[in-house]
$ cat data.pdb   # PDB, C-alpha atoms
MODEL        1
ATOM      1  CA  MET B 212       0.000   0.000   0.000
ATOM      2  CA  LYS B 213       1.191   3.526  -0.623
ATOM      3  CA  ASN B 214       0.033   7.012   0.225
ATOM      4  CA  SER B 215       1.399  10.267  -1.200
ATOM      5  CA  SER B 216      -0.136  12.624   1.404
ATOM      6  CA  PRO B 217      -1.981  12.351   4.730
ATOM      7  CA  ASP B 218      -5.282  13.304   3.049
ATOM      8  CA  ALA B 219      -4.881  11.029   0.005
ATOM      9  CA  PRO B 220      -6.441   7.561  -0.060
ATOM     10  CA  TRP B 221      -4.166   4.526   0.181
ATOM     11  CA  SER B 222      -3.583   2.578  -3.022
ATOM     12  CA  THR B 223      -2.452  -1.007  -3.505
ATOM     13  CA  VAL B 224       0.974  -1.358  -5.125
ATOM     14  CA  TRP B 225       0.954  -5.171  -5.264
ATOM     15  CA  GLN B 226      -1.095  -7.929  -3.678
ATOM     16  CA  THR B 227      -0.688 -11.676  -3.867
ATOM     17  CA  ASP B 228      -1.884 -14.868  -2.213
ATOM     18  CA  VAL B 229       0.590 -17.619  -1.373
ATOM     19  CA  ILE B 230      -0.343 -21.166  -0.373
ATOM     20  CA  SER B 231       2.390 -23.131   1.357
ATOM     21  CA  ARG B 232       3.060 -25.973   3.732
ATOM     22  CA  SER B 233       4.478 -25.214   7.154
ATOM     23  CA  GLU B 234       8.275 -24.847   7.088
ATOM     24  CA  ALA B 235       8.468 -24.572   3.276
ATOM     25  CA  LEU B 236      10.392 -21.737   1.628
ATOM     26  CA  VAL B 237       8.380 -19.976  -1.071
ATOM     27  CA  GLU B 238       9.982 -17.580  -3.563
ATOM     28  CA  VAL B 239       7.968 -15.409  -5.971
ATOM     29  CA  ALA B 240       9.244 -13.096  -8.729
ATOM     30  CA  PRO B 241       6.213 -11.415 -10.336
ATOM     31  CA  GLN B 242       6.801 -10.606 -14.002
ATOM     32  CA  GLN B 243       4.547  -7.528 -13.911
ATOM     33  CA  LEU B 244       6.928  -6.010 -11.325
ATOM     34  CA  GLY B 245      10.278  -6.572 -13.053
ATOM     35  CA  GLY B 246      13.139  -6.862 -10.589
ATOM     36  CA  SER B 247      10.812  -7.637  -7.676
ATOM     37  CA  SER B 248      10.958 -10.677  -5.421
ATOM     38  CA  LEU B 249       9.253 -12.129  -2.378
ATOM     39  CA  ALA B 250      10.569 -14.905  -0.152
ATOM     40  CA  LEU B 251       8.422 -16.368   2.643
ATOM     41  CA  TRP B 252       8.902 -19.075   5.234
ATOM     42  CA  ALA B 253       6.035 -19.898   7.588
ATOM     43  CA  TYR B 254       5.649 -22.171  10.588
ATOM     44  CA  GLN B 255       2.290 -22.943  12.179
ATOM     45  CA  MET B 256       2.748 -22.921  15.946
ATOM     46  CA  PRO B 257       0.870 -25.232  18.342
ATOM     47  CA  ASP B 258      -1.255 -22.301  19.605
ATOM     48  CA  GLY B 259      -2.560 -21.642  16.054
ATOM     49  CA  LYS B 260      -0.452 -18.551  15.410
ATOM     50  CA  VAL B 261       1.896 -18.532  12.425
ATOM     51  CA  ALA B 262       5.536 -17.403  12.512
ATOM     52  CA  VAL B 263       6.493 -15.809   9.171
ATOM     53  CA  ASP B 264       9.914 -14.735   7.876
ATOM     54  CA  MET B 265       9.582 -12.431   4.855
ATOM     55  CA  ASP B 266      11.981 -10.681   2.496
ATOM     56  CA  LEU B 267      10.403  -8.362  -0.081
ATOM     57  CA  VAL B 268      12.003  -6.272  -2.808
ATOM     58  CA  LEU B 269       9.654  -4.321  -5.070
ATOM     59  CA  ASP B 270      10.627  -2.966  -8.471
ATOM     60  CA  GLN B 271      13.023  -0.079  -8.874
ATOM     61  CA  GLN B 272      10.160   2.415  -9.355
ATOM     62  CA  THR B 273       8.926   1.928  -5.792
ATOM     63  CA  GLY B 274      12.355   1.266  -4.267
ATOM     64  CA  MET B 275      10.680  -0.688  -1.464
ATOM     65  CA  GLN B 276      12.647  -3.291   0.483
ATOM     66  CA  SER B 277      11.312  -4.916   3.613
ATOM     67  CA  SER B 278      12.272  -7.839   5.825
ATOM     68  CA  SER B 279      10.341  -9.091   8.816
ATOM     69  CA  ARG B 280      10.109 -11.924  11.276
ATOM     70  CA  THR B 281       6.640 -11.837  12.783
ATOM     71  CA  VAL B 282       4.167 -14.018  14.642
ATOM     72  CA  LEU B 283       0.723 -13.494  13.117
ATOM     73  CA  GLN B 284      -2.782 -14.262  14.347
ATOM     74  CA  ALA B 285      -4.956 -15.993  11.729
ATOM     75  CA  GLY B 286      -7.170 -13.622   9.764
ATOM     76  CA  GLN B 287      -5.730 -10.439  11.263
ATOM     77  CA  PRO B 288      -3.981  -8.105   8.748
ATOM     78  CA  THR B 289      -0.738  -6.940  10.356
ATOM     79  CA  ARG B 290       1.664  -4.199   9.267
ATOM     80  CA  VAL B 291       5.086  -5.860   9.005
ATOM     81  CA  GLY B 292       7.108  -3.143   7.290
ATOM     82  CA  GLY B 293       7.138   0.236   5.654
ATOM     83  CA  SER B 294       9.123   3.263   4.579
ATOM     84  CA  THR B 295       8.759   6.897   3.590
ATOM     85  CA  ALA B 296      10.704   8.471   0.708
ATOM     86  CA  ASN B 297      10.078  11.621  -1.320
ATOM     87  CA  GLY B 298       6.819  12.253   0.539
ATOM     88  CA  VAL B 299       5.375   8.813  -0.272
ATOM     89  CA  GLU B 300       4.645   6.405   2.574
ATOM     90  CA  GLN B 301       4.631   2.684   1.760
ATOM     91  CA  CYS B 302       3.417  -0.109   4.048
ATOM     92  CA  VAL B 303       3.620  -3.890   3.896
ATOM     93  CA  PHE B 304       0.767  -5.915   5.384
ATOM     94  CA  GLN B 305       0.509  -9.681   5.861
ATOM     95  CA  THR B 306      -2.452 -11.871   6.702
ATOM     96  CA  VAL B 307      -2.297 -15.611   7.346
ATOM     97  CA  MET B 308      -5.095 -18.164   7.130
ATOM     98  CA  PRO B 309      -4.128 -21.741   8.028
ATOM     99  CA  LEU B 310      -5.770 -24.288   5.739
ATOM    100  CA  HIS B 311      -6.976 -27.471   7.342
ATOM    101  CA  PRO B 312      -7.122 -30.778   5.469
ATOM    102  CA  SER B 313     -10.608 -31.565   4.232
ATOM    103  CA  HIS B 314     -12.315 -34.449   5.959
ATOM    104  CA  SER B 315     -14.190 -36.706   3.588
TER
ENDMDL
END
$ encode --input "data.pdb" --output "structure tokens"
Amino acid sequence: MKNSSPDAPWSTVWQTDVISRSEALVEVAPQQLGGSSLALWAYQMPDGKVAVDMDLVLDQQTGMQSSSRTVLQAGQPTRVGGSTANGVEQCVFQTVMPLHPSHS
């Protein structure tokens, strides 16, 4: 998300969904954002929370780089990074939703 002034609405720079197994490294390099990359590693904890390590580099136009190591509550969007440059504020949010095996 980015915002160019306190009164301006926030706009989405990039959004993606990632499905992964616990303790699997996932790397994404979206073609529409040349030079961008996302690396995630998640671990579902016994209490239902999810520990997530994230490294994000957005394209050279945004200049955004963010790394975080966070414990997230399922379904709760959480700000895990951000920066301000040239009057533009950028934020990184993560949300986790553990998937349970279907019972047939």
$ atom_distance --input "data.pdb" --atom1 "atom CA of B:Gln242" --atom2 "atom CA of B:Gln287"
28.2 Å
$ atom_distance --input "data.pdb" --atom1 "atom CA of B:Gly286" --atom2 "atom CA of B:Met308"
5.6 Å
$ residues_near_point --input "data.pdb" --point "(9.7, -24.4, 14.1)" --cutoff "12 Å" --atoms "only C-alpha atoms" --output "list in words"
Ser233, Glu234, Ala235, Trp252, Ala253, Tyr254, Gln255, Met256, Pro257, Lys260, Val261, Ala262, Val263, Asp264 and Val282 of chain B
$ atom_distance --input "data.pdb" --atom1 "atom CA of B:Ala296" --atom2 "atom CA of B:Lys213"
10.8 Å
$ closest_residue --input "data.pdb" --among "B:Ala219, B:Thr289, B:Gln226, B:Leu269" --to "B:Ala240" --atoms "all atoms listed in the file"
B:Leu269
$ closest_residue --input "data.pdb" --among "B:Trp221, B:Thr227, B:Val239, B:Met212" --to "B:Gly292" --atoms "all atoms listed in the file"
B:Met212
$ closest_residue --input "data.pdb" --among "B:Ser231, B:Thr223, B:Ser247, B:Ser215" --to "B:Val303" --atoms "only C-alpha atoms"
B:Thr223
$ residues_around --input "data.pdb" --residues "B:Asp266" --least-positions-apart "4" --cutoff "7 Å" --atoms "all atoms listed in the file" --output "ChimeraX atom specification"
/B:249-251,277-279
$ closest_residue --input "data.pdb" --among "B:Pro241, B:Gly246, B:Gly259, B:Thr281" --to "B:Asp228" --atoms "all atoms listed in the file"
B:Pro241
$ closest_residue --input "data.pdb" --among "B:Cys302, B:Val237, B:Leu267, B:Val291" --to "B:Val224" --atoms "all atoms listed in the file"
B:Cys302
$ closest_residue --input "data.pdb" --among "B:Val299, B:Val268, B:Leu310, B:Leu283" --to "B:Trp225" --atoms "all atoms listed in the file"
B:Val268
$ decode --input "data.pdb" --residues "stretch 257-272 of chain B" --atoms "C-alpha atoms" --output "mmCIF file, in the first residue's frame"
data_model
loop_
_atom_site.group_PDB
_atom_site.id
_atom_site.type_symbol
_atom_site.label_atom_id
_atom_site.label_comp_id
_atom_site.auth_asym_id
_atom_site.auth_seq_id
_atom_site.Cartn_x
_atom_site.Cartn_y
_atom_site.Cartn_z
ATOM 1 C CA PRO B 257 0.870 -25.232 18.342
ATOM 2 C CA ASP B 258 -1.255 -22.301 19.605
ATOM 3 C CA GLY B 259 -2.560 -21.642 16.054
ATOM 4 C CA LYS B 260 -0.452 -18.551 15.410
ATOM 5 C CA VAL B 261 1.896 -18.532 12.425
ATOM 6 C CA ALA B 262 5.536 -17.403 12.512
ATOM 7 C CA VAL B 263 6.493 -15.809 9.171
ATOM 8 C CA ASP B 264 9.914 -14.735 7.876
ATOM 9 C CA MET B 265 9.582 -12.431 4.855
ATOM 10 C CA ASP B 266 11.981 -10.681 2.496
ATOM 11 C CA LEU B 267 10.403 -8.362 -0.081
ATOM 12 C CA VAL B 268 12.003 -6.272 -2.808
ATOM 13 C CA LEU B 269 9.654 -4.321 -5.070
ATOM 14 C CA ASP B 270 10.627 -2.966 -8.471
ATOM 15 C CA GLN B 271 13.023 -0.079 -8.874
ATOM 16 C CA GLN B 272 10.160 2.415 -9.355
#
